[in-house]
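Chemist: One structure is given below, represented as structure tokens, and several questions about it will come after.
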Amino acid sequence: MSSKYSHDLISILKMLKNIEEDLNLIKYSETEKKIYYTIAWKNANDGSCCISDVIDESGFSRSTVYKTIKRFEEDQIVKIYQSSSDKREFNLVLA
Amino acid sequence: MIHTLKVTLTVYIFAMLCYAIWYPLQVLDLANLNPNQEWLGSLCYLPHGARVLMFCFFRYYSLPGLYLAEIHGPTFIHHNDYMYGWNVAALASLFSVVAAVELVKWTRATPGFFSFFKKINFENYKFLVLVVVVSSLLNGLLVNSLLSLINSTSIDVITVFRFALGDLLGASCVTLGLWIIFKTLTDNRLIVHPDD
């Protein structure tokens, strides 16, 4: 694709993104969304998801993942259960 | 040249898509309010959204594609619903968008002196809203004046108002529709945000 053509198309996407930002409909950041998708993906594929899985799969730091999961828990979109096999680990389930 | 061709093709397909979505919705009469299927006019004219969006982002390169769609859209869909002289009126429709963009530019939306070659940064969608409002009003006036001249008939104020409102709502619906598609695609990770 020519750069001018792509640039014009990207301008349309940026305009749509600006509408979204001004309407203030984005509650979660891109990082938070990625962590949520990782939890959903892990649960769907493996049937379970623990915090270590999220850290490994998403590539974000432990503190970022913990902070985000805490926020999800406060918003009641993720539930945290202690793992029965490993008492130090917590399983994450979508609410 | 390749850029012009790509833009013409993109603009033509997008504008024809707007016609193809708009017309069935226009004649769909779920509540059976119009049993004789008479042409009542449109209060949500989606093709105006194509005119505004495509001209704002692809500028003068979009005009051939837009004019082709203005001629082919009504011909392919249902030409009897359009008055005689629509091919000429379509030029006025396009002129209303061009004039609206140049007017917005003239209000110093672009830095420095006024120039036809400068482009407005429509990533700031408020400029787009201004263009939609101004072009809708201009289109209502220009097209109806031209059609009444060509057909030697008088067109009442209500029709002019319906044109303006239809264009305004139509352009808003197209932008809203695109935004919903964009939001769905980004949320499903099928495309990424342009800044990411």
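Identifiers in this document derive from the order of the structure tokens: chains are assigned A, B, ..., residues are numbered from 1 separately in each chain, and ligands are numbered from 1 in order of occurrence.
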Report as a tab-separated table: every residue of chain A with an atom at most 6 Å from chain B, its closest pair of atoms, and their distance in Å to one decimal, counting only C-alpha atoms, with rows sorted by chain and ascending residue number.
Modeler:
residue	atom	partner	partner_atom	distance
A:Asp8	CA	B:Phe57	CA	5.8
A:Ser11	CA	B:Glu123	CA	5.8
A:Lys14	CA	B:Glu123	CA	5.6
A:Met15	CA	B:Glu123	CA	4.0
A:Leu16	CA	B:Trp179	CA	5.6
Chemist: I need the residues from that last selection saved to file as an mmCIF file, in the first residue's frame (with N, CA and C atoms), if you can.
Modeler:
data_model
loop_
_atom_site.group_PDB
_atom_site.id
_atom_site.type_symbol
_atom_site.label_atom_id
_atom_site.label_comp_id
_atom_site.auth_asym_id
_atom_site.auth_seq_id
_atom_site.Cartn_x
_atom_site.Cartn_y
_atom_site.Cartn_z
ATOM 1 N N ASP A 8 -3.951 8.238 5.022
ATOM 2 C CA ASP A 8 -5.328 8.750 5.016
ATOM 3 C C ASP A 8 -6.279 7.793 5.734
ATOM 4 N N SER A 11 -5.745 8.025 9.405
ATOM 5 C CA SER A 11 -6.353 9.257 9.938
ATOM 6 C C SER A 11 -7.817 9.013 10.306
ATOM 7 N N LYS A 14 -7.839 7.143 13.525
ATOM 8 C CA LYS A 14 -7.466 8.020 14.638
ATOM 9 C C LYS A 14 -8.645 8.913 15.028
ATOM 10 N N MET A 15 -9.381 9.368 14.015
ATOM 11 C CA MET A 15 -10.552 10.209 14.290
ATOM 12 C C MET A 15 -11.573 9.408 15.105
ATOM 13 N N LEU A 16 -11.790 8.131 14.716
ATOM 14 C CA LEU A 16 -12.753 7.298 15.436
ATOM 15 C C LEU A 16 -12.275 7.028 16.862
#
Chemist: Taking the backbone alone, and naming residues the way the document does, which bits of chain A are helix (DSSP H, G or I) by DSSP, as a ChimeraX atom specification?
Modeler: /A:3-22,30-46,51-58,62-74
Chemist: Could you tell me which of A:Ser63, A:Gln76, A:Ser52, A:Ser58 comes closest to Lys34 in chain A if we count only C-alpha atoms?
Modeler: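 Of the candidates, the smallest distance to Lys34 in chain A is held by A:Ser58.
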Chemist: Counting only C-alpha atoms, which of B:His72, B:Leu9, B:Ile77, B:Leu138 gets nearest to Gln26 in chain B?
Modeler: B:Ile77
Chemist: Would you mind listing what lies within 6 Å of Ala100 in chain B as number ranges by chain, with only C-alpha atoms counted and same-chain residues fewer than 2 positions away left out?
Modeler: B: 97-98, 102-103, 131, 134-135
Chemist: Tell me, as a PyMOL selection string, which residues lie within 12 Å of Leu17 in chain B, counting only C-alpha atoms; anything in the same chain fewer than 4 positions away does not count.
Modeler: chain B and resi 10-13+21-24+46-47+49-50+66+69-70+72-73+76-77+174
Chemist: Could you tell me how far CA of Lys118 in chain B sits from CA of Val104 in chain B, in Å to one decimal place?
Modeler: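 Atom-to-atom, CA of Val104 in chain B and CA of Lys118 in chain B are spaced 11.8 Å apart.
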Chemist: CA of Leu25 in chain B to CA of Leu63 in chain B: how many Å, to one decimal?
Modeler: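 Separating CA of Leu25 in chain B from CA of Leu63 in chain B is a distance of 26.0 Å.
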Chemist: Grab the CA of Thr75 in chain B to CA of Phe95 in chain B distance for me, in Å with one decimal place.
Modeler: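 Distance reported for this atom pair: 20.7 Å.
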Chemist: Using only C-alpha atoms, determine which residues lie at most 12 Å from Val157 in chain B, disregarding the query and same-chain residues fewer than 2 positions distant; provide the list as an MDAnalysis selection string.
Modeler: chainID B and resid 140:141 144:145 154:155 159:164
